[in-house]
Amino acid sequence: MSDKTAILQALAQVQMPGGGTLAASGTLSDIIVHQGKAYFSISVAADQVANSEPLRKAAEEAAKAVPGIASALVTLTAEKAPSRAAPEPAKPAGPLGSGPMNPARLAVQGVKHIIAVASGKGGVGKSTTSCNLALAFAARGLKVGVLDADIYGPSMPKLFAIHGKPTLAGGRTLNPMQNYGVKVMSIGFLVDEEAAMIWRGPMVISAIQQMLREVAWGELDILVVDMPPGTGDAQLTMAQNVPLAGAVIVSTPQDLALIDARRGVAMFRKVEVPILGVIENMSYFIAPDTGKRYDIFGHGGAQAEAARQGVPFLGEIPLAMTIRERSDSGLPVVVTEPDGPHAAAYLAIADRVWGLLEGDAPRRSTPRIVFD
């Protein structure tokens with residue numbers, strides 16, 4: 001008998017509040033079992049989440065009682081029905097003047113600012129940018145954390161060269177992993193590196209929320225969230241429920257990537273999250289043997305798009321072998337070559353973003369780093 005079948009049989013003994021069993025209720029997500037740990041979610045009505053906590057606990061205990069299952073992570077997921085009420089009056093603008101604040105987003109205790117690093121598509125270097133940007137904040141003396149919200153393709157364990165699994169701080173709360181002075185949490189610490197995360201949207205959202213709210217982050221000046229690529233349901237729901245101070249959009253210069261970057265800007269505006277600015281990654285390439293510059297993906301497209309959207313342009317990061325090689329080795333350039341030109345680019349962008357968050361930088365000033 002498979003672990004999944006055994007867990008379903010155990011859940012057939014868990015009674016639903018309105019009658020019937022949990023296994024037959026049609027509210028269960030797919031059950032994932034990996035290295036003795038079971039993951040699944042229970043779908044409930046939005047107004048019944050608080051009342052369904054005993055059901056969640058009973059399901060968790062039933063799953064853990066199955067031979068071979070050491071622990072279980074069971075979450076409640078709910079979709080709120082769209083309101084038919086008249087639209088609310090406009091809310092006051094946020095501190096950056098880029099949209100109203102949403103008081104429904106609950107703050108994370110001890111965390112001063114949460115920012116999202118996002119892209120409309122994959123393959124533009126968003127995770128590498130998130131890692132080096134976080135390290136740049138730390139280099140400025142800030143207390144920094146990174147939440148790897150890319151459930152299907154977690155990169156932070158490799159980028160930060162962190163191995164092992166988080167320890168429990170108490171109850172369901174995990175201690176974050178750490179390296180280079182930055183606290184990090186990723187689903188990559190909890191599952192095998194080659195495991196396929198075959199999860200539906202509600203389960204992904206629940207996992208992200210738990211990594212955000214059930215981690216002992218402590219006191220942080222800034223938490224950098226490496227968002228999943230794209231603008232689907234998981235990304236939209238994440239942006240709606242996380243108290244983001246702003247979003248940084250990463251794009252490459254070519255038109256194909258900029259089309260998706262526009263979707264990213266539109267998504268965050270839709271959920272009233274200020275746009276902190278746009279970064280042009282892989283902006284150009286300097287040949288190491290000749291010093292000649294090549295605009296492989298074009299150049300300046302992200303800066304022009306930022307101007308068109310009326311948001312800050314944060315800076316350019318080149319396409320460089322050093323950045324790629326050190327990222328693959330878990331030796332990010334900001335900490336291993338702190339005085340180099342590539343680290344200077346990330347540090348300048350970090351200064352710009354921090355200034356926007358703290359309200360002490362003009363929104364339109366644009367740092368320009370020149371590489372010889």
# chains A, B, ... in the order shown; residues from 1 in each chain; ligands from 1
>>> closest_atom_pairs(of="region 128-245 of chain A", to="region 343-347 of chain A", cutoff="7 Å", atoms="only C-alpha atoms", output="CSV")
residue,atom,partner,partner_atom,distance
A:Asn132,CA,A:Tyr346,CA,6.5
A:Leu133,CA,A:Tyr346,CA,5.8
A:Ala136,CA,A:Leu347,CA,5.1
>>> residues_around(residues="Leu147 (chain A)", least_positions_apart="3", cutoff="7 Å", atoms="only C-alpha atoms", output="list in words")
Val184, Met185, Ser186, Val224, Val225 and Asp226 of chain A
>>> write_last_selection(atoms="N, CA and C atoms", output="PDB file, in the first residue's frame")
ATOM      1  N   VAL A 184      17.487  33.197   5.577  1.00  0.00           N
ATOM      2  CA  VAL A 184      16.886  32.698   4.346  1.00  0.00           C
ATOM      3  C   VAL A 184      15.899  31.582   4.659  1.00  0.00           C
ATOM      4  N   MET A 185      14.737  31.604   3.974  1.00  0.00           N
ATOM      5  CA  MET A 185      13.801  30.491   4.045  1.00  0.00           C
ATOM      6  C   MET A 185      13.364  30.136   2.632  1.00  0.00           C
ATOM      7  N   SER A 186      13.377  28.824   2.351  1.00  0.00           N
ATOM      8  CA  SER A 186      13.029  28.330   1.019  1.00  0.00           C
ATOM      9  C   SER A 186      12.433  26.945   1.141  1.00  0.00           C
ATOM     10  N   VAL A 224      13.393  40.494   1.654  1.00  0.00           N
ATOM     11  CA  VAL A 224      13.315  40.436   0.201  1.00  0.00           C
ATOM     12  C   VAL A 224      12.596  39.154  -0.194  1.00  0.00           C
ATOM     13  N   VAL A 225      11.500  39.284  -0.946  1.00  0.00           N
ATOM     14  CA  VAL A 225      10.735  38.126  -1.395  1.00  0.00           C
ATOM     15  C   VAL A 225      11.059  37.869  -2.863  1.00  0.00           C
ATOM     16  N   ASP A 226      11.686  36.729  -3.136  1.00  0.00           N
ATOM     17  CA  ASP A 226      11.943  36.320  -4.521  1.00  0.00           C
ATOM     18  C   ASP A 226      10.663  35.690  -5.044  1.00  0.00           C
TER      19      ASP A 226
END
>>> atom_distance(atom1="CA of Asp3 (chain A)", atom2="CA of Ile69 (chain A)")
7.9 Å
>>> residues_around(residues="region 38-52 of chain A", least_positions_apart="4", cutoff="6 Å", atoms="only C-alpha atoms", output="number ranges by chain")
A: 27-29, 31-33, 72-80
>>> closest_atom_pairs(of="region 132-163 of chain A", to="region 334-339 of chain A", cutoff="12 Å", atoms="only C-alpha atoms", output="JSON lines")
{"residue": "A:Asn132", "atom": "CA", "partner": "A:Val334", "partner_atom": "CA", "distance": 6.0}
{"residue": "A:Leu133", "atom": "CA", "partner": "A:Val334", "partner_atom": "CA", "distance": 8.4}
{"residue": "A:Ala134", "atom": "CA", "partner": "A:Val334", "partner_atom": "CA", "distance": 9.4}
{"residue": "A:Leu135", "atom": "CA", "partner": "A:Val334", "partner_atom": "CA", "distance": 6.3}
{"residue": "A:Ala136", "atom": "CA", "partner": "A:Val334", "partner_atom": "CA", "distance": 6.3}
{"residue": "A:Phe137", "atom": "CA", "partner": "A:Val334", "partner_atom": "CA", "distance": 10.0}
{"residue": "A:Ala138", "atom": "CA", "partner": "A:Val335", "partner_atom": "CA", "distance": 9.7}
{"residue": "A:Ala139", "atom": "CA", "partner": "A:Val335", "partner_atom": "CA", "distance": 8.1}
{"residue": "A:Arg140", "atom": "CA", "partner": "A:Val334", "partner_atom": "CA", "distance": 11.2}
{"residue": "A:Leu159", "atom": "CA", "partner": "A:Val335", "partner_atom": "CA", "distance": 11.8}
{"residue": "A:Phe160", "atom": "CA", "partner": "A:Val335", "partner_atom": "CA", "distance": 10.5}
>>> residues_around(residues="Ser251 (chain A)", least_positions_apart="5", cutoff="9 Å", atoms="only C-alpha atoms", output="VMD selection string")
chain A and resid 118 to 121 124 to 126 257 to 258 260 to 261 278 to 282 301 to 302
>>> atom_distance(atom1="CA of Trp217 (chain A)", atom2="CA of Ser71 (chain A)")
22.7 Å
>>> select_by_dssp(residues="region 230-363 of chain A", states="helix (DSSP H, G or I)", output="ChimeraX atom specification")
/A:233-241,255-270,301-309,321-328,333-336,341-358
>>> select_by_dssp(residues="region 265-361 of chain A", states="strand (DSSP E or B)", output="ChimeraX atom specification")
/A:275-280,285-286,293-294,296,298,313-316
>>> closest_residue(among="A:Arg293, A:Arg262, A:His34, A:Arg324", to="Glu305 (chain A)", atoms="only C-alpha atoms")
A:Arg262
>>> residues_around(residues="region 232-246 of chain A", least_positions_apart="4", cutoff="6 Å", atoms="only C-alpha atoms", output="PyMOL selection string")
chain A and resi 105+107+113-115+201+205+271+273-276
>>> residues_around(residues="Glu219 (chain A)", least_positions_apart="6", cutoff="8 Å", atoms="only C-alpha atoms", output="number ranges by chain")
A: 109-112, 143
>>> write_last_selection(atoms="C-alpha atoms", output="JSON list (two decimals), in the first residue's frame")
[["chain", "number", "residue", "atom", "x", "y", "z"],
["A", 109, "GLN", "CA", 6.05, 40.85, 13.45],
["A", 110, "GLY", "CA", 9.53, 42.32, 13.66],
["A", 111, "VAL", "CA", 9.84, 43.02, 9.92],
["A", 112, "LYS", "CA", 10.00, 46.70, 8.98],
["A", 143, "LYS", "CA", 19.22, 43.31, 9.09]]
>>> atom_distance(atom1="CA of Asp295 (chain A)", atom2="CA of Ala320 (chain A)")
12.1 Å
>>> closest_residue(among="A:Leu212, A:Met156, A:Met267, A:Met203", to="Phe189 (chain A)", atoms="only C-alpha atoms")
A:Met156
>>> residues_around(residues="Ala304 (chain A)", least_positions_apart="6", cutoff="10 Å", atoms="only C-alpha atoms", output="VMD selection string")
chain A and resid 253 258 310 313
>>> write_last_selection(atoms="N, CA and C atoms", output="PDB file, in the first residue's frame")
ATOM      1  N   PRO A 253      16.613  43.620 -21.645  1.00  0.00           N
ATOM      2  CA  PRO A 253      16.267  44.775 -22.482  1.00  0.00           C
ATOM      3  C   PRO A 253      15.338  44.501 -23.659  1.00  0.00           C
ATOM      4  N   LEU A 258      10.136  42.744 -22.071  1.00  0.00           N
ATOM      5  CA  LEU A 258       9.476  43.968 -21.609  1.00  0.00           C
ATOM      6  C   LEU A 258       7.962  43.840 -21.647  1.00  0.00           C
ATOM      7  N   GLY A 310       6.173  55.525 -15.860  1.00  0.00           N
ATOM      8  CA  GLY A 310       6.220  56.544 -14.807  1.00  0.00           C
ATOM      9  C   GLY A 310       6.734  56.004 -13.488  1.00  0.00           C
ATOM     10  N   PHE A 313      13.743  54.086 -12.741  1.00  0.00           N
ATOM     11  CA  PHE A 313      14.684  53.122 -13.310  1.00  0.00           C
ATOM     12  C   PHE A 313      15.813  52.979 -12.305  1.00  0.00           C
TER      13      PHE A 313
END
